[in-house]
Amino acid sequence: MSEKILPGQEHYVCDTDETGLGAVDAVADDSAPSSMWGEAWKVLRKRVLFWVAAFIIVLALVMAAFPSLFTSVDPKFCELGNSMEPPSPGHRFGFDRQGCDIFARTIYGARASVVVGVFTTAVVVIIGALFGALAGYFGGLLDALLSRITDVVFAIPFLLAAIVVMQMFRDQRSTWTVVMVLAIFGWPQIARITRGAVMSVKNEEFVTAAKALGESQWKILARHILPNAAAPIIVYGTVALGTFIVAEATLSFLGVGLPPDVVSWGGDISRAQTALRAQPSVLFYPAGALAITVLSFIMMGDAVRDALDPKARKR
């Protein structure tokens, strides 16, 4: 194609090498693609809320596992001569009405609450994920049967049912009794979440490709569907852990949870009722520890949800 140049008009032609098109169009193809969890971690590590919640959760776990690192006082040693004494050296929070060290009981109370919350969440996730995954993937009659069982359990008031059942085991109460009772009535919500997540994933192209390659149904469910449907399960499990800690404290406060010889935040809150007007700090410390721990799990759940859900980050 010819180009006309008017008299007196200068015509400049740029050399091809000077444009740098090769450098502009170059794409680094040697780097591994980021996974969903890698992208989530990039978002999480930039959020102050995540680090604050993580610090409190780690502190609570360390307190539950190694309470002797924080205090050398026996939380079950009570002397009536110290009843309602104010804080003093070696006894930072003072003493309750029975003469027990409030600081020691607050530290040791983390063990029962955290153990109940962690193990109840683990059992609930296993049961709920199993029911939800089977119902969502296979569908049909199995889905109808498992969904009706889930609906029946879900219709039972959670806390009221736990109180009634714990009354049946009044003489055999222990940490594991509370865990099993809470787990029996706490799994339907996560079963519904898992069912919906599995149903949205099972029609993806990678699942169709796995079927075309001849993989078994169970292998497809375990290796391809559940890992890609795990995000909402993890988010709910993080929030539910705090919920189960509150449930244990509620049962212990009502006197139907952990036995009196087990130090727990709920039990100490119940014991502090009689001294509420005379010395509110007796109630403040175990209640504050409970509230901060539960709030940290809720904040962690919100941070993980926002990191795993791109739509939530855009809002």
# chains A, B, ... in the order shown; residues from 1 in each chain; ligands from 1
$ residues_around --residues "region 163-173 of chain A" --least-positions-apart "5" --cutoff "9 Å" --atoms "only C-alpha atoms" --output "number ranges by chain"
A: 158, 178, 181, 251, 254, 256-259
$ closest_residue --among "A:Ala162, A:Ala110, A:Val43, A:Leu241" --to "Gly288 (chain A)" --atoms "only C-alpha atoms"
A:Ala110
$ residues_around --residues "Ala129 (chain A)" --least-positions-apart "4" --cutoff "12 Å" --atoms "only C-alpha atoms" --output "PyMOL selection string"
chain A and resi 121-125+133-137+146+150+187-198+221-222+225-227+229-230+232-234+236-237
$ residues_around --residues "region 113-117 of chain A" --least-positions-apart "4" --cutoff "8 Å" --atoms "only C-alpha atoms" --output "list in words"
Ala60, Leu61, Ala64, Gly109, Thr121, Thr175, Trp176, Val178, Val179, Leu241, Gly242, Thr243, Phe244, Ile245, Glu248, Ala249, Ser264 and Trp265 of chain A
$ write_last_selection --atoms "N, CA and C atoms" --output "JSON list (two decimals), in the first residue's frame"
[["chain", "number", "residue", "atom", "x", "y", "z"],
["A", 60, "ALA", "N", -5.73, -18.08, 73.75],
["A", 60, "ALA", "CA", -6.71, -18.94, 74.42],
["A", 60, "ALA", "C", -6.30, -20.40, 74.35],
["A", 61, "LEU", "N", -5.77, -20.83, 73.21],
["A", 61, "LEU", "CA", -5.33, -22.22, 73.06],
["A", 61, "LEU", "C", -4.13, -22.52, 73.96],
["A", 64, "ALA", "N", -5.38, -22.84, 77.46],
["A", 64, "ALA", "CA", -6.06, -24.11, 77.67],
["A", 64, "ALA", "C", -5.08, -25.27, 77.78],
["A", 109, "GLY", "N", -10.12, -21.85, 83.52],
["A", 109, "GLY", "CA", -11.44, -22.01, 82.92],
["A", 109, "GLY", "C", -11.41, -22.08, 81.41],
["A", 121, "THR", "N", -17.04, -28.91, 67.66],
["A", 121, "THR", "CA", -16.97, -28.46, 66.27],
["A", 121, "THR", "C", -16.44, -29.56, 65.37],
["A", 175, "THR", "N", -16.88, -33.58, 80.58],
["A", 175, "THR", "CA", -16.59, -32.77, 79.38],
["A", 175, "THR", "C", -17.08, -33.47, 78.13],
["A", 176, "TRP", "N", -16.85, -34.78, 78.06],
["A", 176, "TRP", "CA", -17.21, -35.52, 76.84],
["A", 176, "TRP", "C", -18.72, -35.71, 76.73],
["A", 178, "VAL", "N", -20.88, -33.38, 77.58],
["A", 178, "VAL", "CA", -21.31, -32.11, 77.00],
["A", 178, "VAL", "C", -20.99, -32.05, 75.52],
["A", 179, "VAL", "N", -19.81, -32.54, 75.14],
["A", 179, "VAL", "CA", -19.42, -32.54, 73.72],
["A", 179, "VAL", "C", -20.40, -33.34, 72.88],
["A", 241, "LEU", "N", -17.51, -22.67, 66.41],
["A", 241, "LEU", "CA", -16.68, -22.99, 67.58],
["A", 241, "LEU", "C", -16.98, -22.02, 68.72],
["A", 242, "GLY", "N", -17.07, -20.73, 68.39],
["A", 242, "GLY", "CA", -17.44, -19.76, 69.41],
["A", 242, "GLY", "C", -18.84, -19.99, 69.95],
["A", 243, "THR", "N", -19.76, -20.41, 69.06],
["A", 243, "THR", "CA", -21.13, -20.68, 69.47],
["A", 243, "THR", "C", -21.20, -21.83, 70.47],
["A", 244, "PHE", "N", -20.41, -22.87, 70.24],
["A", 244, "PHE", "CA", -20.43, -24.01, 71.15],
["A", 244, "PHE", "C", -19.77, -23.68, 72.48],
["A", 245, "ILE", "N", -18.79, -22.78, 72.48],
["A", 245, "ILE", "CA", -18.22, -22.33, 73.75],
["A", 245, "ILE", "C", -19.28, -21.61, 74.58],
["A", 248, "GLU", "N", -21.72, -24.23, 75.98],
["A", 248, "GLU", "CA", -21.20, -24.91, 77.17],
["A", 248, "GLU", "C", -21.28, -24.01, 78.39],
["A", 249, "ALA", "N", -20.94, -22.73, 78.22],
["A", 249, "ALA", "CA", -21.01, -21.79, 79.34],
["A", 249, "ALA", "C", -22.45, -21.63, 79.83],
["A", 264, "SER", "N", -14.68, -23.86, 84.98],
["A", 264, "SER", "CA", -15.14, -23.36, 83.69],
["A", 264, "SER", "C", -15.66, -21.95, 83.84],
["A", 265, "TRP", "N", -15.65, -21.21, 82.76],
["A", 265, "TRP", "CA", -16.12, -19.84, 82.79],
["A", 265, "TRP", "C", -17.62, -19.77, 83.12]]
$ residues_around --residues "region 291-305 of chain A" --least-positions-apart "2" --cutoff "6 Å" --atoms "only C-alpha atoms" --output "count of residues only"
11
$ select_by_dssp --residues "region 72-273 of chain A" --states "strand (DSSP E or B)" --output "PyMOL selection string"
chain A and resi 78+88+91+95+100-101
$ select_by_dssp --residues "region 144-292 of chain A" --states "alpha helix (DSSP H)" --output "ChimeraX atom specification"
/A:144-155,158-168,175-186,188-201,205-212,217-220,226-228,230-253,265-271,281-292
$ write_last_selection --atoms "C-alpha atoms" --output "mmCIF file, in the first residue's frame"
data_model
loop_
_atom_site.group_PDB
_atom_site.id
_atom_site.type_symbol
_atom_site.label_atom_id
_atom_site.label_comp_id
_atom_site.auth_asym_id
_atom_site.auth_seq_id
_atom_site.Cartn_x
_atom_site.Cartn_y
_atom_site.Cartn_z
ATOM 1 C CA ALA A 144 -34.724 -36.972 50.363
ATOM 2 C CA LEU A 145 -34.067 -39.341 53.285
ATOM 3 C CA LEU A 146 -31.038 -37.495 54.676
ATOM 4 C CA SER A 147 -32.696 -34.107 54.186
ATOM 5 C CA ARG A 148 -35.766 -35.172 56.150
ATOM 6 C CA ILE A 149 -33.573 -36.471 58.992
ATOM 7 C CA THR A 150 -31.720 -33.150 58.969
ATOM 8 C CA ASP A 151 -34.988 -31.209 59.040
ATOM 9 C CA VAL A 152 -36.293 -33.202 62.002
ATOM 10 C CA VAL A 153 -33.151 -32.577 64.082
ATOM 11 C CA PHE A 154 -32.987 -28.947 62.939
ATOM 12 C CA ALA A 155 -36.561 -28.371 64.155
ATOM 13 C CA PHE A 158 -30.816 -26.620 70.221
ATOM 14 C CA LEU A 159 -30.285 -25.286 73.738
ATOM 15 C CA LEU A 160 -33.557 -26.623 75.143
ATOM 16 C CA ALA A 161 -32.800 -30.125 73.846
ATOM 17 C CA ALA A 162 -29.286 -29.977 75.302
ATOM 18 C CA ILE A 163 -30.683 -28.990 78.720
ATOM 19 C CA VAL A 164 -33.206 -31.858 78.685
ATOM 20 C CA VAL A 165 -30.663 -34.476 77.635
ATOM 21 C CA MET A 166 -28.050 -33.257 80.122
ATOM 22 C CA GLN A 167 -30.634 -33.650 82.881
ATOM 23 C CA MET A 168 -30.804 -37.340 81.949
ATOM 24 C CA THR A 175 -16.592 -32.772 79.384
ATOM 25 C CA TRP A 176 -17.209 -35.523 76.844
ATOM 26 C CA THR A 177 -20.875 -35.797 77.799
ATOM 27 C CA VAL A 178 -21.315 -32.107 77.003
ATOM 28 C CA VAL A 179 -19.422 -32.538 73.718
ATOM 29 C CA MET A 180 -21.609 -35.407 72.543
ATOM 30 C CA VAL A 181 -24.885 -33.750 73.575
ATOM 31 C CA LEU A 182 -24.009 -30.498 71.793
ATOM 32 C CA ALA A 183 -22.825 -32.406 68.723
ATOM 33 C CA ILE A 184 -26.022 -34.458 68.485
ATOM 34 C CA PHE A 185 -28.137 -31.342 68.056
ATOM 35 C CA GLY A 186 -25.583 -29.042 66.404
ATOM 36 C CA PRO A 188 -27.937 -29.963 60.875
ATOM 37 C CA GLN A 189 -26.859 -26.415 59.950
ATOM 38 C CA ILE A 190 -23.507 -27.491 58.558
ATOM 39 C CA ALA A 191 -25.188 -30.407 56.779
ATOM 40 C CA ARG A 192 -27.370 -27.931 54.885
ATOM 41 C CA ILE A 193 -24.388 -25.736 54.051
ATOM 42 C CA THR A 194 -22.380 -28.719 52.800
ATOM 43 C CA ARG A 195 -25.271 -30.008 50.705
ATOM 44 C CA GLY A 196 -25.645 -26.668 48.933
ATOM 45 C CA ALA A 197 -21.908 -26.336 48.347
ATOM 46 C CA VAL A 198 -21.623 -29.860 46.940
ATOM 47 C CA MET A 199 -24.598 -29.358 44.627
ATOM 48 C CA SER A 200 -22.998 -26.210 43.199
ATOM 49 C CA VAL A 201 -19.653 -27.938 42.617
ATOM 50 C CA GLU A 205 -16.294 -29.205 34.224
ATOM 51 C CA PHE A 206 -13.486 -30.800 36.243
ATOM 52 C CA VAL A 207 -16.021 -33.197 37.798
ATOM 53 C CA THR A 208 -17.279 -34.142 34.331
ATOM 54 C CA ALA A 209 -13.675 -34.708 33.222
ATOM 55 C CA ALA A 210 -13.017 -36.946 36.239
ATOM 56 C CA LYS A 211 -16.089 -39.020 35.361
ATOM 57 C CA ALA A 212 -14.919 -39.299 31.755
ATOM 58 C CA GLN A 217 -17.957 -41.849 42.530
ATOM 59 C CA TRP A 218 -16.368 -41.968 45.980
ATOM 60 C CA LYS A 219 -12.991 -40.857 44.672
ATOM 61 C CA ILE A 220 -14.577 -37.952 42.803
ATOM 62 C CA LEU A 226 -15.208 -31.833 48.919
ATOM 63 C CA PRO A 227 -11.918 -29.869 48.636
ATOM 64 C CA ASN A 228 -13.639 -27.351 46.350
ATOM 65 C CA ALA A 230 -14.688 -26.747 51.830
ATOM 66 C CA ALA A 231 -14.690 -22.936 51.992
ATOM 67 C CA PRO A 232 -18.190 -22.441 53.471
ATOM 68 C CA ILE A 233 -17.651 -25.412 55.791
ATOM 69 C CA ILE A 234 -14.481 -23.862 57.227
ATOM 70 C CA VAL A 235 -16.127 -20.475 57.633
ATOM 71 C CA TYR A 236 -19.128 -21.915 59.465
ATOM 72 C CA GLY A 237 -16.930 -24.163 61.598
ATOM 73 C CA THR A 238 -14.864 -21.188 62.768
ATOM 74 C CA VAL A 239 -17.953 -19.245 63.825
ATOM 75 C CA ALA A 240 -19.652 -22.341 65.280
ATOM 76 C CA LEU A 241 -16.680 -22.986 67.575
ATOM 77 C CA GLY A 242 -17.441 -19.762 69.415
ATOM 78 C CA THR A 243 -21.129 -20.682 69.474
ATOM 79 C CA PHE A 244 -20.431 -24.014 71.148
ATOM 80 C CA ILE A 245 -18.219 -22.328 73.748
ATOM 81 C CA VAL A 246 -21.179 -20.093 74.609
ATOM 82 C CA ALA A 247 -23.476 -23.139 74.696
ATOM 83 C CA GLU A 248 -21.195 -24.907 77.169
ATOM 84 C CA ALA A 249 -21.014 -21.792 79.343
ATOM 85 C CA THR A 250 -24.811 -21.525 79.270
ATOM 86 C CA LEU A 251 -25.278 -25.135 80.354
ATOM 87 C CA SER A 252 -22.711 -24.746 83.141
ATOM 88 C CA PHE A 253 -24.341 -21.479 84.232
ATOM 89 C CA TRP A 265 -16.124 -19.835 82.795
ATOM 90 C CA GLY A 266 -19.835 -20.660 82.830
ATOM 91 C CA GLY A 267 -19.616 -22.180 86.291
ATOM 92 C CA ASP A 268 -17.705 -19.184 87.654
ATOM 93 C CA ILE A 269 -20.244 -16.783 86.168
ATOM 94 C CA SER A 270 -22.986 -18.712 87.941
ATOM 95 C CA ARG A 271 -21.082 -18.619 91.245
ATOM 96 C CA SER A 281 -15.256 -7.812 89.279
ATOM 97 C CA VAL A 282 -15.937 -11.409 90.371
ATOM 98 C CA LEU A 283 -18.333 -11.670 87.440
ATOM 99 C CA PHE A 284 -16.443 -9.358 85.102
ATOM 100 C CA TYR A 285 -13.274 -11.433 84.645
ATOM 101 C CA PRO A 286 -14.717 -14.841 83.606
ATOM 102 C CA ALA A 287 -17.475 -13.143 81.583
ATOM 103 C CA GLY A 288 -14.924 -10.886 79.876
ATOM 104 C CA ALA A 289 -12.663 -13.828 79.017
ATOM 105 C CA LEU A 290 -15.649 -15.703 77.573
ATOM 106 C CA ALA A 291 -16.829 -12.708 75.531
ATOM 107 C CA ILE A 292 -13.375 -11.895 74.120
#
$ closest_residue --among "A:Asp306, A:Lys202, A:Asp96, A:Val262" --to "Leu276 (chain A)" --atoms "only C-alpha atoms"
A:Asp96
$ atom_distance --atom1 "CA of Arg111 (chain A)" --atom2 "CA of Ala54 (chain A)"
17.6 Å
